[in-house]
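A short worksheet on the structure shown next.
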Protein chains: 2
Amino acid sequence: MPAPLDPADPPVPDPELTGPELAGPELAGPELAGPEAAALAAFRAARWPTPAVTVDLCVFTVLDADLKLLRVLRDQPPFAGAPALPGGFLRVGDGIDDRGEDLDAAAARVLAEKTGLPDGACHLAQLQAFGAPQRDPRMRVITLAFWAVVPPELAPLVAARGGAAWQSLAVQRPPLAFDHEQILAVALRRLRAEAEAPGVVGRLVPAAFSAPELRAALEAVTGQAIDRGNFHRRFERMLEAGAVEEAPGKRITGRRPAKVYRFTGG
Amino acid sequence: MPAPLDPADPPVPDPELTGPELAGPELAGPELAGPEAAALAAFRAARWPTPAVTVDLCVFTVLDADLKLLRVLRDQPPFAGAPALPGGFLRVGDGIDDRGEDLDAAAARVLAEKTGLPDGACHLAQLQAFGAPQRDPRMRVITLAFWAVVPPELAPLVAARGGAAWQSLAVQRPPLAFDHEQILAVALRRLRAEAEAPGVVGRLVPAAFSAPELRAALEAVTGQAIDRGNFHRRFERMLEAGAVEEAPGKRITGRRPAKVYRFTGG
DNA sequence: CCAAAAGTGTTAACAGTACACCCATGG
DNA sequence: CCATGGGTGTACTGTTAACACTTTTGG
């Protein structure tokens, strides 16, 4: 079971994260009148035990026809030294007046923190929640898992930042900490299922790409070979549908050069 | 945005739900020694603001070739009197020694509470988390949405219990409270995508069913007509694959009786 | 010229669509 | 006997898989 908790792991109470406790009665009242006010105050005064909520990211990219995952190395126990998914706490504010950030915004923020990439450059979508009671040995932590795809041209930029690095998924590797292997398995299924969806397939290759490059990227993602001829016809359909268009230039590979294309915004 | 909170809505602090606050330093230490103990204690002592976490269910059934949703009526503001998805709080225990229940277990428990149905009789799977900051006007609440399919033969049993009732999705209806319409939309997409998956299709019809009944159920779920002849061939493939088998008896409908089948456990 | 990779074509099998037809039953 | 609906067949179409062939390049 995982909690990213990242570099500034547990014992560093970020002033932005720590605030007044959740729903203290003395914080109860914003501006509300009528019969609802009583119910509101009572609702907030009742203290349910609440779990810690984190966001974990499965960030993928395809480099050199090889599917890679962004991983950090934990510097705190538990699992100190082990690789893990990048993640962070969901910002909740005080829960009453300051409601904190949306789930998607939290994922985008963590992604930006770990990669330094501008928002919108990557595909980012929610996977599901993971919350087995013992998934974090320290306390009850529920994580909202997201998956993301970073365009190959941007991938080298993220490695420069501290901690994070690209790990090939095609080779033997040490297991991820917590239940992150389980999360990765679900994310991989989702990535494969949606590899050809608009918004995803466009991030598997550079902005300008050749048909063989796209085929190789899809092969890297799905893990199985794609017939060249059959793929070419699928690609021609994408051309006719207007999903891709020819781009200027040619791809020089040492042998016969290939035409280059780009995905159309629309 | 939603928080089910259900009959026993906010101001009734369930003794099973309320416990010591999360991660008080005085609760820090179970049995752990070595250098990890310090980090553990520090981690637990640091208090992050945590959101309330609930579980909301989109429970479907097909009755009389009509797709229906299980809904409750709220008896507390906000949205008093409005229909809503059944739901409840995730049990977390104290988060340290008592870790509470798994997410799937929470969903199964809420489903059992609202329907009285035995576990395993229904298909139940996680959808995703919904947590827009203002989805509940009272405070920050994150809900883990699940979707479920109840076999038609068991559906009449649930209406007997308090509050919950089946609402047809084919007719005009008042909107659900909070963001439950948004959750329902996602759940419907998922139901339609997985309607023919094993474990789902078997819950759309009674244990003994005729081919036309299954066709009608799928039509009710997807909302569009299915050709009889084409469906028959698909059904024959299911027969040959061993997914379904003939059952004794005939379906007497007033016209020509139809053969009855049942889904095979394997 | 040759190897390698890009690009093109051919074919069979299969699944989906649309529609026509027969058969069994209750009234 | 007849209307209704269960059950069956057929022709057309589009997609996929498998594989052979041609073209273009660098060495």
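Starting from 1 in every chain, residues are counted up; chains themselves are A, B, ... following the order of the structure tokens, and ligands are numbered from 1 as listed.
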Next on the checklist: Should the cut-off be 8 Å, what would the residue list for chain B against chain C look like, counting only C-alpha atoms (C1' of nucleotides), as a PyMOL selection string?
Outcome noted: chain B and resi 230+254-257
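By only C-alpha atoms (C1' of nucleotides), and with residues fewer than 6 positions from A:Arg173 along its chain excluded, the set lying at most 12 Å from it is Lys68, Leu69, Arg71, Ala82, Pro83, Ala84, Trp166, Gln167 and Glu181 of chain A.
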Checklist entry - Please, which residues of chain B lie no more than 12 Å from chain D when the count uses only C-alpha atoms (C1' of nucleotides), and can they be set out as a ChimeraX atom specification? => result /B:210-213,228-233,236,250-259
So that I have them on file, write out the residues from the current selection with C-alpha atoms, as a PDB file, in the first residue's frame.
ATOM      1  CA  SER B 210     -35.171 -16.583 -22.241  1.00  0.00           C
ATOM      2  CA  ALA B 211     -33.136 -15.177 -25.087  1.00  0.00           C
ATOM      3  CA  PRO B 212     -35.703 -12.436 -25.792  1.00  0.00           C
ATOM      4  CA  GLU B 213     -35.631 -11.428 -22.141  1.00  0.00           C
ATOM      5  CA  ARG B 228     -33.440 -10.195 -33.167  1.00  0.00           C
ATOM      6  CA  GLY B 229     -31.658 -12.301 -35.728  1.00  0.00           C
ATOM      7  CA  ASN B 230     -28.250 -10.820 -35.083  1.00  0.00           C
ATOM      8  CA  PHE B 231     -28.673 -11.164 -31.357  1.00  0.00           C
ATOM      9  CA  HIS B 232     -29.597 -14.788 -31.780  1.00  0.00           C
ATOM     10  CA  ARG B 233     -26.270 -15.553 -33.394  1.00  0.00           C
ATOM     11  CA  GLU B 236     -25.502 -18.988 -29.978  1.00  0.00           C
ATOM     12  CA  LYS B 250     -40.271 -22.924 -20.866  1.00  0.00           C
ATOM     13  CA  ARG B 251     -41.259 -19.300 -20.681  1.00  0.00           C
ATOM     14  CA  ILE B 252     -45.061 -19.045 -21.133  1.00  0.00           C
ATOM     15  CA  THR B 253     -45.808 -15.632 -22.529  1.00  0.00           C
ATOM     16  CA  GLY B 254     -49.203 -16.005 -24.117  1.00  0.00           C
ATOM     17  CA  ARG B 255     -47.726 -16.645 -27.531  1.00  0.00           C
ATOM     18  CA  ARG B 256     -45.120 -19.118 -28.563  1.00  0.00           C
ATOM     19  CA  PRO B 257     -43.138 -20.187 -25.526  1.00  0.00           C
ATOM     20  CA  ALA B 258     -39.405 -19.531 -25.456  1.00  0.00           C
ATOM     21  CA  LYS B 259     -36.620 -21.778 -24.239  1.00  0.00           C
TER      22      LYS B 259
END
Checklist entry - Out of stretch 60-182 of chain A, which residues get alpha helix (DSSP H) from DSSP, as a PyMOL selection string? => result chain A and resi 103-115+155-159+180-182
Output file for the selection above: C-alpha atoms, as a compact mmCIF listing (two decimals), in the first residue's frame:
# COMPACT_ATOMS: atom_id res chain seq x y z
CA LEU A 103 -9.03 16.32 -7.37
CA ASP A 104 -7.91 16.95 -10.93
CA ALA A 105 -6.18 20.12 -9.82
CA ALA A 106 -4.33 18.22 -7.12
CA ALA A 107 -3.12 15.68 -9.65
CA ALA A 108 -2.07 18.43 -12.04
CA ARG A 109 -0.24 20.22 -9.24
CA VAL A 110 1.66 17.11 -8.16
CA LEU A 111 2.51 16.39 -11.77
CA ALA A 112 3.83 19.91 -12.21
CA GLU A 113 5.80 19.68 -8.95
CA LYS A 114 7.51 16.45 -9.96
CA THR A 115 8.06 17.17 -13.62
CA ALA A 155 10.28 13.57 -21.08
CA PRO A 156 14.00 14.48 -20.87
CA LEU A 157 13.14 17.69 -19.04
CA VAL A 158 11.65 15.95 -16.03
CA ALA A 159 14.67 13.81 -15.21
CA HIS A 180 2.05 0.83 -6.05
CA GLU A 181 2.61 -2.30 -8.13
CA GLN A 182 -1.10 -2.95 -7.89
Checklist entry - What lies within 9 Å of B:Gly199 using only C-alpha atoms (C1' of nucleotides), ignoring chain neighbours under 4 positions off, as a list in words? => result Cys122, His123 and Arg203 of chain B
Fewer than 6 positions away in the same chain doesn't count, so skip those; otherwise give me all residues within 12 Å of B:Asp136, counting only C-alpha atoms (C1' of nucleotides), as a PDB file with N, CA, C and O atoms, in the first residue's frame.
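Saved to around32.pdb:
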ATOM      1  N   LEU A  40     -26.394  22.666   9.695  1.00  0.00           N
ATOM      2  CA  LEU A  40     -25.035  22.875   9.212  1.00  0.00           C
ATOM      3  C   LEU A  40     -24.033  22.825  10.353  1.00  0.00           C
ATOM      4  O   LEU A  40     -23.018  22.127  10.288  1.00  0.00           O
ATOM      5  N   PHE A  43     -23.729  19.406  11.711  1.00  0.00           N
ATOM      6  CA  PHE A  43     -22.999  18.535  10.789  1.00  0.00           C
ATOM      7  C   PHE A  43     -21.504  18.735  10.936  1.00  0.00           C
ATOM      8  O   PHE A  43     -20.729  17.788  10.999  1.00  0.00           O
ATOM      9  N   ARG A  44     -21.137  20.015  11.018  1.00  0.00           N
ATOM     10  CA  ARG A  44     -19.707  20.297  11.090  1.00  0.00           C
ATOM     11  C   ARG A  44     -19.141  19.954  12.453  1.00  0.00           C
ATOM     12  O   ARG A  44     -17.963  19.634  12.590  1.00  0.00           O
ATOM     13  N   GLY A  95     -11.454  23.002   5.131  1.00  0.00           N
ATOM     14  CA  GLY A  95     -12.620  22.175   4.843  1.00  0.00           C
ATOM     15  C   GLY A  95     -13.927  22.924   4.933  1.00  0.00           C
ATOM     16  O   GLY A  95     -14.963  22.420   4.507  1.00  0.00           O
ATOM     17  N   ILE A  96     -13.903  24.115   5.498  1.00  0.00           N
ATOM     18  CA  ILE A  96     -15.145  24.872   5.688  1.00  0.00           C
ATOM     19  C   ILE A  96     -15.134  26.100   4.782  1.00  0.00           C
ATOM     20  O   ILE A  96     -15.840  26.157   3.781  1.00  0.00           O
ATOM     21  N   ARG A  99     -11.912  25.430   0.931  1.00  0.00           N
ATOM     22  CA  ARG A  99     -12.209  24.042   0.597  1.00  0.00           C
ATOM     23  C   ARG A  99     -11.045  23.337  -0.087  1.00  0.00           C
ATOM     24  O   ARG A  99     -11.151  22.175  -0.426  1.00  0.00           O
TER      25      ARG A  99
ATOM     26  N   MET B   1     -22.751  18.723  -5.750  1.00  0.00           N
ATOM     27  CA  MET B   1     -21.864  17.726  -5.186  1.00  0.00           C
ATOM     28  C   MET B   1     -22.499  16.991  -4.031  1.00  0.00           C
ATOM     29  O   MET B   1     -23.299  17.526  -3.316  1.00  0.00           O
ATOM     30  N   PRO B   2     -22.128  15.750  -3.804  1.00  0.00           N
ATOM     31  CA  PRO B   2     -22.923  14.888  -2.960  1.00  0.00           C
ATOM     32  C   PRO B   2     -22.215  14.449  -1.717  1.00  0.00           C
ATOM     33  O   PRO B   2     -21.016  14.327  -1.662  1.00  0.00           O
ATOM     34  N   ALA B   3     -23.013  14.212  -0.754  1.00  0.00           N
ATOM     35  CA  ALA B   3     -22.622  13.363   0.345  1.00  0.00           C
ATOM     36  C   ALA B   3     -23.877  12.624   0.734  1.00  0.00           C
ATOM     37  O   ALA B   3     -24.871  13.256   1.050  1.00  0.00           O
ATOM     38  N   PRO B   4     -23.852  11.338   0.663  1.00  0.00           N
ATOM     39  CA  PRO B   4     -25.086  10.582   0.866  1.00  0.00           C
ATOM     40  C   PRO B   4     -25.634  10.838   2.252  1.00  0.00           C
ATOM     41  O   PRO B   4     -26.716  11.349   2.414  1.00  0.00           O
ATOM     42  N   LEU B   5     -24.880  10.472   3.207  1.00  0.00           N
ATOM     43  CA  LEU B   5     -25.242  10.804   4.579  1.00  0.00           C
ATOM     44  C   LEU B   5     -26.575  10.231   4.974  1.00  0.00           C
ATOM     45  O   LEU B   5     -26.904  10.188   6.132  1.00  0.00           O
ATOM     46  N   PRO B  51     -10.106  15.341   4.538  1.00  0.00           N
ATOM     47  CA  PRO B  51     -11.497  15.501   4.132  1.00  0.00           C
ATOM     48  C   PRO B  51     -12.353  14.358   4.677  1.00  0.00           C
ATOM     49  O   PRO B  51     -11.840  13.295   4.995  1.00  0.00           O
ATOM     50  N   ALA B  52     -13.656  14.621   4.769  1.00  0.00           N
ATOM     51  CA  ALA B  52     -14.574  13.508   5.025  1.00  0.00           C
ATOM     52  C   ALA B  52     -14.637  12.643   3.777  1.00  0.00           C
ATOM     53  O   ALA B  52     -14.567  13.153   2.658  1.00  0.00           O
ATOM     54  N   VAL B  53     -14.708  11.343   3.963  1.00  0.00           N
ATOM     55  CA  VAL B  53     -14.736  10.416   2.832  1.00  0.00           C
ATOM     56  C   VAL B  53     -15.994   9.551   2.921  1.00  0.00           C
ATOM     57  O   VAL B  53     -16.238   8.910   3.940  1.00  0.00           O
ATOM     58  N   THR B  54     -16.762   9.579   1.866  1.00  0.00           N
ATOM     59  CA  THR B  54     -17.996   8.793   1.825  1.00  0.00           C
ATOM     60  C   THR B  54     -17.962   7.822   0.658  1.00  0.00           C
ATOM     61  O   THR B  54     -17.065   7.866  -0.179  1.00  0.00           O
ATOM     62  N   PRO B  77     -31.625  18.948   5.292  1.00  0.00           N
ATOM     63  CA  PRO B  77     -30.965  19.863   4.361  1.00  0.00           C
ATOM     64  C   PRO B  77     -29.475  19.563   4.333  1.00  0.00           C
ATOM     65  O   PRO B  77     -28.942  19.041   5.312  1.00  0.00           O
ATOM     66  N   PRO B  78     -28.753  19.870   3.292  1.00  0.00           N
ATOM     67  CA  PRO B  78     -29.296  20.483   2.081  1.00  0.00           C
ATOM     68  C   PRO B  78     -29.985  19.455   1.182  1.00  0.00           C
ATOM     69  O   PRO B  78     -29.805  18.271   1.386  1.00  0.00           O
ATOM     70  N   PHE B  79     -30.748  19.938   0.239  1.00  0.00           N
ATOM     71  CA  PHE B  79     -31.482  19.091  -0.703  1.00  0.00           C
ATOM     72  C   PHE B  79     -32.520  18.225   0.006  1.00  0.00           C
ATOM     73  O   PHE B  79     -32.790  17.114  -0.419  1.00  0.00           O
ATOM     74  N   PHE B 130     -15.102  11.365  -6.615  1.00  0.00           N
ATOM     75  CA  PHE B 130     -15.614  12.689  -6.939  1.00  0.00           C
ATOM     76  C   PHE B 130     -15.352  13.585  -5.740  1.00  0.00           C
ATOM     77  O   PHE B 130     -15.711  13.236  -4.617  1.00  0.00           O
ATOM     78  N   ILE B 142     -15.212  14.083   0.056  1.00  0.00           N
ATOM     79  CA  ILE B 142     -14.811  13.311  -1.126  1.00  0.00           C
ATOM     80  C   ILE B 142     -15.564  12.005  -1.108  1.00  0.00           C
ATOM     81  O   ILE B 142     -15.612  11.319  -0.085  1.00  0.00           O
ATOM     82  N   THR B 143     -16.169  11.678  -2.222  1.00  0.00           N
ATOM     83  CA  THR B 143     -16.939  10.438  -2.267  1.00  0.00           C
ATOM     84  C   THR B 143     -16.313   9.473  -3.245  1.00  0.00           C
ATOM     85  O   THR B 143     -15.826   9.883  -4.312  1.00  0.00           O
ATOM     86  N   ALA B 177     -29.698  15.018  -5.932  1.00  0.00           N
ATOM     87  CA  ALA B 177     -29.044  16.041  -5.116  1.00  0.00           C
ATOM     88  C   ALA B 177     -27.535  16.049  -5.369  1.00  0.00           C
ATOM     89  O   ALA B 177     -26.988  15.169  -6.019  1.00  0.00           O
ATOM     90  N   PHE B 178     -26.899  17.084  -4.833  1.00  0.00           N
ATOM     91  CA  PHE B 178     -25.441  17.232  -4.913  1.00  0.00           C
ATOM     92  C   PHE B 178     -24.984  17.093  -6.376  1.00  0.00           C
ATOM     93  O   PHE B 178     -25.680  17.568  -7.275  1.00  0.00           O
ATOM     94  N   ASP B 179     -23.858  16.431  -6.577  1.00  0.00           N
ATOM     95  CA  ASP B 179     -23.378  16.180  -7.935  1.00  0.00           C
ATOM     96  C   ASP B 179     -23.728  14.765  -8.379  1.00  0.00           C
ATOM     97  O   ASP B 179     -23.049  14.186  -9.225  1.00  0.00           O
ATOM     98  N   HIS B 180     -24.796  14.227  -7.828  1.00  0.00           N
ATOM     99  CA  HIS B 180     -25.103  12.819  -8.100  1.00  0.00           C
ATOM    100  C   HIS B 180     -25.525  12.578  -9.540  1.00  0.00           C
ATOM    101  O   HIS B 180     -25.386  11.464 -10.039  1.00  0.00           O
TER     102      HIS B 180
END
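Non-sequential neighbours of A:Phe146 (distance at most 9 Å, separation of 5 or more positions within a chain, only C-alpha atoms (C1' of nucleotides)) are Val55, Asp56, Leu57, Cys58, Val59, Asp104, Ala107, Leu124, Ala125, Gln126, Leu127, Gln128, Ala129 and Ala187 of chain A.
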Next on the checklist: Nearest residue to chain A out of B:Arg91, B:Arg74, B:Arg234, B:Arg189, using only C-alpha atoms?
Outcome noted: B:Arg91
